[in-house]
Each structure stands twice: as C-alpha cells, then as structure tokens.
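These notes concern the structure reproduced below.
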Amino acid sequence: MQKRTPLYEAHISLGARMVEFAGWEMPVQYSGHIQEHMAVREAAGLFDISHMGEVEIRGADALALVQKVTTNDASKLEDNQVQYSTMLNDRGGVIDDLLVYRVNSEFFLLVVNAGTTDSDFEWIKSHAASMNVEACNTSDAFALLALQGPFAERILQDLSDHMLDRIPYYWSQRVLVDGLDCRVSRTGYTGEDGFEILCNAADARHLWNRLLVTGMDRGLIPCGLAARNTLRLEAAFRLYGHDMDETTTPLEAGLGWVVKLAKGDFAGRDVLLKQKEEGLKRKLAGFEVLDRAPARDGYLIVIDGQQAGVVASGSPAPFLKKNIGLAYLPTEHAAIGTDFFVVVRGRNVPARVVETPFYKRDKKFD
Amino acid sequence: MANTPEDLSYTKDHEWVRAKDSEATVGITDHAQHQLGDVVYVELPKAGDKFESGVPFGSVESVKAASEVYMPVSGEVIEVNESIVDSSEKVHPVNADPYGKGWMIRIKLANPSQLDALLTAVEYEDYIKEEAAE
C-alpha cells in the first residue's frame, strides 16, 4: 500500500498525474512538465514534498549525536540556521543527504529523503545509545511545501507579518503563515530563491490552497516531481539513489564542502581520510551532450573505446535547452572540457565535461 | 480522457495506423503522448528502410523519458515527417496533434492482411483501461 501525503486529495482535484515514488503516491505533473519548470525559473511554483522525512533530536547530547551521524560541522550552526549535510555508513558510503536545522542548542531537526527515512532513523538511534538524547521520527506529524521561484518571497509575504527578507539563505524562522504555525526556511532544490514551509499535517490543505490562490496573479502554479527533478539537475543538486548511494562517498560525489574532517569523529570518517590521502579514483562530473538525443539515467559511458561508467542523472534541461547530466568518471577523464561518449540506443553520442552548476541564478541572499 | 478516432487502427504499443490501399500512415496515440509528457525530440528512420512488424523504427523523447516506437505492421518507409524532428513549435506537434501534424512515417505495406490483427478504437480504449487498472 502506497503512502499518501495530507495533500493527496488536493492533487487529485487539480488533475495531477500520480506516480509511485519511494513508496509514496506523488504528483509527477499537473499542467505540463516544461510549463511547471519554467514557472519556477520565471515566476513561482508550489511543490508538495511532504513525503520527505523529519527526525527530531532532543536532549543535552543532541549536538553530539548530530555530529556523530553527519559529515558537516553542526557545531557551527546558530539557532534557526540550516545546513546541508550527508549521513554515511562505516564504509564512507552515503546513507542519505539531508538538511540539519538547529532549533536550539538541545533540539535539532533533520529533514531526510522519503525512501531512506526509516533506515536513517534506525542508524541514528543505533548511535544514540549511552547518550543523553531522544530521537523521534515525526514524519507523519508534518507536511512540507516548497514555494520556489523569483516571486516566492512576495507571495509568501502576502500571507505573513514576519519580514521574510530578514531570513537569509539557509536560515529558518518560526513564522505564522495565514495564522498557521510554520517553520519557514530559505532553502530549496530548484536553483531559485524560495522557501520550504514545514507545517502541521492538519494545516497542509489550507496552506496549499491559500498559497495557490494568493500567488495565482504572479504566475504561481502547482509543480510535480518531474519539474522538481529537471530543476534540481540544472542546478546540479545531487539526487540520492541516482547521484550517490551507499557505494559512493561524498568526496566522489563532489560534496567535499559538506565534509568537515577536522570536526572530530563521525561515522565513515576513517574511510574519507584515507580516500583524501590516496586521491579519488572517480568523481561525479557534469556533462553536456553534443547531440539532439538526451542521455538518460543508466546509459553507458564510453571512453577510449572502453565502458567507463554509467550516467547517474541525465535529461533534457527545459530552461537551458540542452541535454545535460551527471556521471561518475575516472578522475583523469573528469576535467572540464574532456570529451567522451554516451551510448544512446546503440549509438555513440558525443558528450563533454562542463562546469557545474549548469544553471546559476543571480543571487540576492548569499 | 484520451482522444481515440474511430477510423484508425491501434496497437498495444500505443501506435495508430491510418491505412489506405497498400499504404499506411503511423504515429503514436493521444494516450501515449499524454503519458510521455512534453516531447522534445523524435528520432525517425529514412525513406527506404524496411522493418518487420513489432520492431522499433524510431523513438520519442519527452523531457521525462525516452520511448521507442514500434512498427505496427511490416513494410517499407516511403516518407518521414521531418517537421517533427526539428520542431520549433512551443507545443510539439506530437503532443498538440498526434493524429495529424504529429504523424511519424508513411509506409508501403508488405502484407496488408496484417492490418486485420490491429485493434479497433473500442478495443484500444478497453486495453488502456485494463492497463491503467493493473
């Protein structure tokens, strides 16, 4: 039985096409993939991402536990600050990527991927023994909406008295939105400005409808997982299970910037230290296909006539109007400008390593 | 609800066939274009290529996925709709008009009796419903 978010009925009544995703019945598209993608780049889009999991960690040792199970340095966080991080197994493989919210010094909130919520929670608990801390999987209590795009702030501001322009990138606030208690963070997975809004599950339907009505005049439309995927790929954000998993380290995935080896011990640290010392054999690189045919997840990569890997994420990019992707390449072939082939239906199609992100907005809040 | 013209024949791979004498035009159904989403690229064979029934003759790429298109009946390609390969239309013709401007190839039938095995519009609609229920 697939799980449904509190917004399931809202999606059906909007005519969304529903698909299975990580055990959830989720909207993949409403009005159209490209239309939704462009709305986020040029106006605003609203996503239901309530399938994502929430784990609350409370107690005197809350920070110690977060430090133990994540790679970034959570001791640097102030109250209400947010941090992107990864969670590793003892072999240095990525169990998940996540957002760490410091609510206060004894309360951290982790927002994790849907498909890994249960296993993350077990992993976290297994490190909590003998610590003065309580970990709680509160995923069912909350809904999570993402309001993304250049008009996101103006739309949300219409429903809140809190001065939203005072929430910088990767910070959050407890905010009343249309009178409802929410945690609003300036975060997202689209490469645009915008917010993720954590609310009580019971309030989700009201909030969703109010946002859509409020934003309609500014071009806000509901957006599904299909647009979410192409938006994040243009921004070169990694997708768990495609661009990294338990067999890849965050260093190989190009996420060295969220690995703080100097912060003290954490799960997987020894492996990363060794890998850093010996150098990476492969790394995740962004590429552009030099052909009309798009590269897709799983397509073979050929270098010097040899199979050298597979495409991790590949798609046409609706805003950039190019065929782009991410792939693990041998380090000696991963430099910008290196040419290789992707096999598309038996044909060797030329591709070139390019700089990432593929798309970068003009940033106001960084 | 997908549009399924009654005067065409259909396959379980979601192609349509409009046959006249010993020739036929082939494309993908409204249901198929709907499932694929926004089409961005179409790969088609060349005139003169011959294919057996059931063999892929081309592919349709939406933003989301690549999908092969299969030969509904055996035959030789006599004309290809080049306008859908390099379409600059805002909505791709395969999405906007799958039974008209979005046609893919015209073929000379190798064995016209194969047409009898294709689905009628009613049969195809029933098949879509069965597929959706699975």
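Each chain in the structure tokens gets a letter, A, B and so on, in the order shown; residues start at 1 in every chain, and ligands are counted from 1 in the order they appear.
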
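Look at stretch 68-70 of chain B: the protein and nucleic acid residues within 8 Å of it, using only C-alpha atoms and passing over chain neighbours fewer than 2 places away, are Asp13, Glu15, Ile28, Ser53, Gly54, Val55, Pro56, Phe57, Gly58, Ser59, Val60, Ala66 and Pro72 of chain B.
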
Could you produce a table of the residues of chain A lying within 9 Å of chain B, with the nearest pair of atoms per residue and their separation in Å rounded to one decimal, using only C-alpha atoms, ordered by chain and increasing residue number, as CSV?
residue,atom,partner,partner_atom,distance
A:Gln29,CA,B:Gly37,CA,8.8
A:Gly32,CA,B:Gly37,CA,6.9
A:His33,CA,B:Asp38,CA,6.4
A:Ile34,CA,B:Asp38,CA,6.7
A:Ala226,CA,B:Lys64,CA,6.8
A:Ala227,CA,B:Lys64,CA,9.0
A:Thr230,CA,B:Val63,CA,8.3
A:Arg292,CA,B:Tyr41,CA,7.0
A:Ala293,CA,B:Tyr41,CA,7.1
A:Pro294,CA,B:Glu61,CA,7.7
A:Arg296,CA,B:Ala65,CA,7.7
A:Ser315,CA,B:Val63,CA,6.5
A:Pro316,CA,B:Val63,CA,5.5
A:Ala317,CA,B:Val63,CA,7.6
A:Pro318,CA,B:Val63,CA,7.4

May I have the selected residues written with N, CA and C atoms, as an mmCIF file, in the first residue's frame?
data_model
loop_
_atom_site.group_PDB
_atom_site.id
_atom_site.type_symbol
_atom_site.label_atom_id
_atom_site.label_comp_id
_atom_site.auth_asym_id
_atom_site.auth_seq_id
_atom_site.Cartn_x
_atom_site.Cartn_y
_atom_site.Cartn_z
ATOM 1 N N GLN A 29 3.153 15.444 -12.391
ATOM 2 C CA GLN A 29 2.942 16.692 -13.129
ATOM 3 C C GLN A 29 1.480 17.116 -13.077
ATOM 4 N N GLY A 32 1.878 20.543 -17.001
ATOM 5 C CA GLY A 32 2.851 20.143 -18.012
ATOM 6 C C GLY A 32 4.253 20.333 -17.474
ATOM 7 N N HIS A 33 5.126 19.414 -17.817
ATOM 8 C CA HIS A 33 6.477 19.389 -17.258
ATOM 9 C C HIS A 33 7.234 20.695 -17.546
ATOM 10 N N ILE A 34 7.272 21.087 -18.827
ATOM 11 C CA ILE A 34 8.055 22.273 -19.199
ATOM 12 C C ILE A 34 7.425 23.536 -18.613
ATOM 13 N N ALA A 226 8.334 15.732 -11.640
ATOM 14 C CA ALA A 226 9.072 15.774 -12.905
ATOM 15 C C ALA A 226 9.812 17.107 -13.032
ATOM 16 N N ALA A 227 9.116 18.198 -12.765
ATOM 17 C CA ALA A 227 9.758 19.521 -12.825
ATOM 18 C C ALA A 227 10.800 19.647 -11.718
ATOM 19 N N THR A 230 14.071 18.075 -12.994
ATOM 20 C CA THR A 230 14.844 18.805 -14.009
ATOM 21 C C THR A 230 15.375 20.124 -13.447
ATOM 22 N N ARG A 292 21.326 15.955 -30.379
ATOM 23 C CA ARG A 292 19.917 16.168 -30.055
ATOM 24 C C ARG A 292 19.374 15.118 -29.089
ATOM 25 N N ALA A 293 19.963 13.922 -29.100
ATOM 26 C CA ALA A 293 19.427 12.830 -28.278
ATOM 27 C C ALA A 293 19.857 12.987 -26.820
ATOM 28 N N PRO A 294 18.920 13.046 -25.885
ATOM 29 C CA PRO A 294 19.285 13.202 -24.477
ATOM 30 C C PRO A 294 19.937 11.935 -23.912
ATOM 31 N N ARG A 296 20.189 9.530 -20.635
ATOM 32 C CA ARG A 296 19.257 9.193 -19.549
ATOM 33 C C ARG A 296 19.983 8.392 -18.476
ATOM 34 N N SER A 315 19.078 14.234 -18.560
ATOM 35 C CA SER A 315 17.764 14.710 -19.008
ATOM 36 C C SER A 315 17.931 15.901 -19.937
ATOM 37 N N PRO A 316 16.938 16.162 -20.775
ATOM 38 C CA PRO A 316 16.889 17.465 -21.413
ATOM 39 C C PRO A 316 16.671 18.513 -20.319
ATOM 40 N N ALA A 317 17.293 19.676 -20.467
ATOM 41 C CA ALA A 317 17.153 20.756 -19.492
ATOM 42 C C ALA A 317 16.207 21.792 -20.080
ATOM 43 N N PRO A 318 14.976 21.895 -19.563
ATOM 44 C CA PRO A 318 13.961 22.734 -20.212
ATOM 45 C C PRO A 318 14.314 24.220 -20.274
#

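Near stretch 128-134 of chain B, within 10 Å and counting only C-alpha atoms, sit Ala2, Lys12, His14, His31 and Ala32 of chain B, not including residues fewer than 6 positions from it in the same chain.
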
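A straight line drawn from atom CA of A:Leu272 to atom CA of A:Thr331 is 16.4 Å long.
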
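Here the question is which of B:Ser88, B:Thr29, B:Thr4, B:Thr120 gets nearest to B:Trp16 using only C-alpha atoms, and that residue is B:Thr29.
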
Considering only C-alpha atoms, return as a compact mmCIF listing (two decimals) with N, CA and C atoms, in the first residue's frame whatever protein or nucleic-acid residues lie within 12 Å of B:Val77, sequence-local ones (same chain, fewer than 3 positions apart) excluded.
# COMPACT_ATOMS: atom_id res chain seq x y z
N GLU B 23 -0.91 1.43 -48.62
CA GLU B 23 -0.06 2.33 -47.84
C GLU B 23 -0.70 2.63 -46.48
N ALA B 24 0.16 3.09 -45.56
CA ALA B 24 -0.38 3.45 -44.25
C ALA B 24 0.46 4.55 -43.63
N THR B 25 -0.20 5.39 -42.82
CA THR B 25 0.49 6.40 -42.03
C THR B 25 0.49 5.92 -40.58
N VAL B 26 1.62 6.21 -39.86
CA VAL B 26 1.78 5.71 -38.50
C VAL B 26 2.20 6.85 -37.57
N LEU B 44 13.66 9.37 -36.25
CA LEU B 44 12.89 8.63 -37.25
C LEU B 44 13.83 7.93 -38.24
N PRO B 45 13.33 6.90 -38.92
CA PRO B 45 14.16 6.19 -39.90
C PRO B 45 14.26 7.00 -41.20
N LYS B 46 14.88 6.42 -42.21
CA LYS B 46 14.98 7.06 -43.51
C LYS B 46 14.02 6.38 -44.49
N ALA B 47 13.59 7.15 -45.48
CA ALA B 47 12.78 6.54 -46.54
C ALA B 47 13.59 5.42 -47.18
N GLY B 48 12.93 4.30 -47.41
CA GLY B 48 13.63 3.15 -47.98
C GLY B 48 13.96 2.09 -46.94
N ASP B 49 14.00 2.48 -45.66
CA ASP B 49 14.23 1.48 -44.60
C ASP B 49 13.04 0.52 -44.53
N LYS B 50 13.37 -0.74 -44.31
CA LYS B 50 12.32 -1.76 -44.19
C LYS B 50 12.33 -2.34 -42.79
N PHE B 51 11.15 -2.54 -42.24
CA PHE B 51 11.03 -3.08 -40.88
C PHE B 51 9.95 -4.16 -40.83
N GLU B 52 10.22 -5.17 -40.00
CA GLU B 52 9.19 -6.17 -39.72
C GLU B 52 8.25 -5.60 -38.66
N PHE B 57 11.07 1.39 -34.92
CA PHE B 57 11.51 2.13 -36.11
C PHE B 57 11.99 3.53 -35.75
N GLY B 58 11.76 3.94 -34.52
CA GLY B 58 12.17 5.27 -34.10
C GLY B 58 11.96 5.43 -32.61
N MET B 71 6.90 -0.75 -35.15
CA MET B 71 6.24 -0.93 -36.43
C MET B 71 4.94 -1.73 -36.19
N VAL B 73 2.86 -2.89 -38.45
CA VAL B 73 2.80 -3.94 -39.48
C VAL B 73 4.11 -3.86 -40.28
N SER B 74 4.44 -4.91 -40.98
CA SER B 74 5.69 -4.91 -41.76
C SER B 74 5.56 -3.99 -42.98
N VAL B 80 8.93 10.33 -44.40
CA VAL B 80 9.16 10.59 -42.98
C VAL B 80 8.73 12.02 -42.69
N ASN B 81 8.09 12.23 -41.54
CA ASN B 81 7.64 13.59 -41.18
C ASN B 81 8.79 14.37 -40.56
N MET B 104 4.24 10.23 -37.99
CA MET B 104 5.68 9.94 -38.00
C MET B 104 6.20 9.41 -39.32
N ILE B 105 5.62 8.33 -39.79
CA ILE B 105 6.10 7.77 -41.07
C ILE B 105 4.92 7.31 -41.92
N ARG B 106 5.18 7.28 -43.24
CA ARG B 106 4.26 6.65 -44.17
C ARG B 106 4.96 5.40 -44.71
N ILE B 107 4.23 4.29 -44.76
CA ILE B 107 4.87 3.04 -45.19
C ILE B 107 4.10 2.39 -46.32
N LYS B 108 4.83 1.59 -47.08
CA LYS B 108 4.21 0.70 -48.08
C LYS B 108 4.09 -0.65 -47.40
N LEU B 109 2.85 -1.15 -47.34
CA LEU B 109 2.60 -2.37 -46.59
C LEU B 109 3.21 -3.58 -47.28
N ALA B 110 3.91 -4.41 -46.52
CA ALA B 110 4.47 -5.65 -47.07
C ALA B 110 3.39 -6.71 -47.16

Exercise. Quick one: residues within 9 Å of A:Asp291, only C-alpha atoms counted, chain neighbours fewer than 5 positions away excluded, as JSON, numbers by chain?
Worked result: {"A": [322, 323, 349, 350, 351]}

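Residue nearest A:Phe266 within the list A:Lys68, A:Arg41, A:His11, A:Arg232: A:Lys68 [criterion: smallest interatomic distance, only C-alpha atoms].
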
- Item | Expected answer as number ranges by chain: helix (DSSP H, G or I) residues in stretch 215-297 of chain A | A: 215-218, 225-234, 256-258, 261-263, 269-278

Can you pull out every residue from stretch 80-244 of chain A that DSSP, working from the backbone, puts in strand (DSSP E or B), and format the result as an mmCIF file with C-alpha atoms, in the first residue's frame?
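Final output, selection04.cif:
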data_model
loop_
_atom_site.group_PDB
_atom_site.id
_atom_site.type_symbol
_atom_site.label_atom_id
_atom_site.label_comp_id
_atom_site.auth_asym_id
_atom_site.auth_seq_id
_atom_site.Cartn_x
_atom_site.Cartn_y
_atom_site.Cartn_z
ATOM 1 C CA GLN A 81 20.363 28.156 10.965
ATOM 2 C CA VAL A 82 20.182 25.327 8.445
ATOM 3 C CA GLN A 83 22.948 23.179 6.985
ATOM 4 C CA TYR A 84 23.191 20.760 4.085
ATOM 5 C CA SER A 85 24.957 17.564 5.105
ATOM 6 C CA THR A 86 25.408 13.873 4.391
ATOM 7 C CA MET A 87 25.000 10.792 6.560
ATOM 8 C CA LEU A 88 27.494 7.981 5.996
ATOM 9 C CA VAL A 94 26.282 7.861 1.599
ATOM 10 C CA ILE A 95 23.219 6.641 3.526
ATOM 11 C CA ASP A 96 21.426 9.893 2.822
ATOM 12 C CA ASP A 97 21.775 13.603 2.197
ATOM 13 C CA LEU A 98 19.811 15.866 4.474
ATOM 14 C CA LEU A 99 19.141 19.282 5.935
ATOM 15 C CA VAL A 100 20.105 19.865 9.562
ATOM 16 C CA TYR A 101 18.113 22.576 11.337
ATOM 17 C CA ARG A 102 19.338 23.831 14.674
ATOM 18 C CA VAL A 103 16.160 24.841 16.507
ATOM 19 C CA ASN A 104 18.111 25.432 19.708
ATOM 20 C CA PHE A 107 16.957 20.462 19.623
ATOM 21 C CA PHE A 108 17.993 19.615 16.059
ATOM 22 C CA LEU A 109 15.599 18.783 13.259
ATOM 23 C CA LEU A 110 16.790 16.603 10.374
ATOM 24 C CA VAL A 111 14.874 16.631 7.075
ATOM 25 C CA VAL A 112 15.726 13.471 5.153
ATOM 26 C CA GLU A 134 15.989 11.315 22.335
ATOM 27 C CA ALA A 135 15.475 10.733 18.606
ATOM 28 C CA CYS A 136 11.951 10.775 17.243
ATOM 29 C CA ASN A 137 10.636 10.093 13.737
ATOM 30 C CA PHE A 142 4.256 17.267 9.395
ATOM 31 C CA ALA A 143 3.678 18.346 5.835
ATOM 32 C CA LEU A 144 6.378 20.113 3.845
ATOM 33 C CA LEU A 145 5.691 22.530 0.992
ATOM 34 C CA ALA A 146 8.289 24.131 -1.254
ATOM 35 C CA LEU A 147 7.449 27.552 -2.658
ATOM 36 C CA GLN A 148 10.152 28.280 -5.222
ATOM 37 C CA TRP A 171 18.227 30.178 7.720
ATOM 38 C CA SER A 172 14.755 29.455 9.067
ATOM 39 C CA GLN A 173 12.163 31.036 11.335
ATOM 40 C CA ARG A 174 9.043 30.010 13.183
ATOM 41 C CA VAL A 175 6.515 32.081 11.257
ATOM 42 C CA LEU A 176 2.733 32.419 11.212
ATOM 43 C CA VAL A 177 1.558 31.882 7.636
ATOM 44 C CA LEU A 180 -0.851 28.878 10.965
ATOM 45 C CA ASP A 181 2.253 27.896 12.905
ATOM 46 C CA CYS A 182 5.012 27.022 10.389
ATOM 47 C CA ARG A 183 8.774 26.724 10.215
ATOM 48 C CA VAL A 184 9.858 28.619 7.120
ATOM 49 C CA SER A 185 13.371 28.208 5.727
ATOM 50 C CA GLY A 194 12.360 30.279 -2.351
ATOM 51 C CA PHE A 195 11.176 28.690 0.834
ATOM 52 C CA GLU A 196 10.440 25.332 2.324
ATOM 53 C CA ILE A 197 7.497 25.507 4.694
ATOM 54 C CA LEU A 198 7.112 22.886 7.392
ATOM 55 C CA CYS A 199 3.600 22.823 8.841
ATOM 56 C CA ASN A 200 1.353 20.550 10.853
ATOM 57 C CA LEU A 220 2.294 30.585 -9.255
ATOM 58 C CA ILE A 221 1.275 27.074 -10.329
ATOM 59 C CA PRO A 222 1.476 23.668 -8.637
ATOM 60 C CA TYR A 240 20.032 10.452 -3.583
ATOM 61 C CA MET A 244 25.117 8.966 -4.764
#

Pairwise distance, atom CA of B:Asp97 with atom CA of A:Val344, equals 27.0 Å

If we count only C-alpha atoms, what is near A:Gly215 at a cut-off of 12 Å, once residues fewer than 2 positions away on the same chain are taken out, given as a JSON list (two decimals) with C-alpha atoms, in the first residue's frame?
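This went into out_9.json:
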[["chain", "number", "residue", "atom", "x", "y", "z"],
["A", 39, "ALA", "CA", 7.15, 28.81, -13.92],
["A", 43, "ALA", "CA", 7.63, 33.24, -11.58],
["A", 44, "ALA", "CA", 6.89, 30.67, -8.88],
["A", 45, "GLY", "CA", 5.94, 27.05, -8.30],
["A", 46, "LEU", "CA", 4.47, 25.18, -5.35],
["A", 147, "LEU", "CA", 7.45, 27.55, -2.66],
["A", 148, "GLN", "CA", 10.15, 28.28, -5.22],
["A", 149, "GLY", "CA", 10.89, 30.96, -7.78],
["A", 150, "PRO", "CA", 11.72, 34.66, -8.07],
["A", 151, "PHE", "CA", 8.23, 35.66, -6.78],
["A", 152, "ALA", "CA", 8.22, 33.20, -3.87],
["A", 153, "GLU", "CA", 9.02, 35.80, -1.24],
["A", 154, "ARG", "CA", 6.40, 38.28, -2.41],
["A", 155, "ILE", "CA", 3.72, 35.57, -2.47],
["A", 156, "LEU", "CA", 4.56, 34.25, 0.99],
["A", 157, "GLN", "CA", 4.85, 37.79, 2.34],
["A", 158, "ASP", "CA", 1.20, 38.39, 1.43],
["A", 159, "LEU", "CA", 0.29, 35.71, 3.98],
["A", 207, "LEU", "CA", -1.97, 26.36, 3.44],
["A", 208, "TRP", "CA", -1.63, 24.77, -0.01],
["A", 209, "ASN", "CA", -4.89, 26.28, -1.24],
["A", 210, "ARG", "CA", -4.18, 29.71, 0.25],
["A", 211, "LEU", "CA", -0.74, 29.85, -1.33],
["A", 212, "LEU", "CA", -2.05, 28.84, -4.76],
["A", 213, "VAL", "CA", -4.84, 31.44, -4.66],
["A", 217, "ASP", "CA", -1.77, 36.57, -10.15],
["A", 218, "ARG", "CA", 2.01, 36.31, -10.04],
["A", 219, "GLY", "CA", 2.05, 33.12, -12.07],
["A", 220, "LEU", "CA", 2.29, 30.58, -9.26],
["A", 221, "ILE", "CA", 1.27, 27.07, -10.33],
["A", 222, "PRO", "CA", 1.48, 23.67, -8.64]]

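Residues within 7 Å of stretch 336-341 of chain A, counting only C-alpha atoms and excluding same-chain residues fewer than 4 positions away, are Ile301, Val302, Ile303, Asn348, Val349, Pro350, Ala351, Arg352, Val353, Val354 and Glu355 of chain A.
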
Using only C-alpha atoms, please write the residues we just selected to a file, as a PDB file, in the first residue's frame.
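And here is the file that came out, again.pdb:
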ATOM      1  CA  ILE A 301      29.641   5.875 -20.916  1.00  0.00           C
ATOM      2  CA  VAL A 302      32.479   5.033 -23.293  1.00  0.00           C
ATOM      3  CA  ILE A 303      35.991   6.478 -23.049  1.00  0.00           C
ATOM      4  CA  ASN A 348      27.984   6.559 -29.541  1.00  0.00           C
ATOM      5  CA  VAL A 349      26.851  10.121 -28.903  1.00  0.00           C
ATOM      6  CA  PRO A 350      29.491  12.767 -28.061  1.00  0.00           C
ATOM      7  CA  ALA A 351      29.433  14.485 -24.670  1.00  0.00           C
ATOM      8  CA  ARG A 352      31.727  16.943 -22.888  1.00  0.00           C
ATOM      9  CA  VAL A 353      32.519  17.603 -19.232  1.00  0.00           C
ATOM     10  CA  VAL A 354      31.342  21.111 -18.332  1.00  0.00           C
ATOM     11  CA  GLU A 355      31.304  23.287 -15.245  1.00  0.00           C
TER      12      GLU A 355
END

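From atom CA of A:Asn113 back to atom CA of A:Gly53, the distance works out to 5.9 Å.
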
Closest of B:Ser9, B:Tyr99, B:Glu125, B:Asp21 to B:Asn111, counting only C-alpha atoms, is B:Asp21
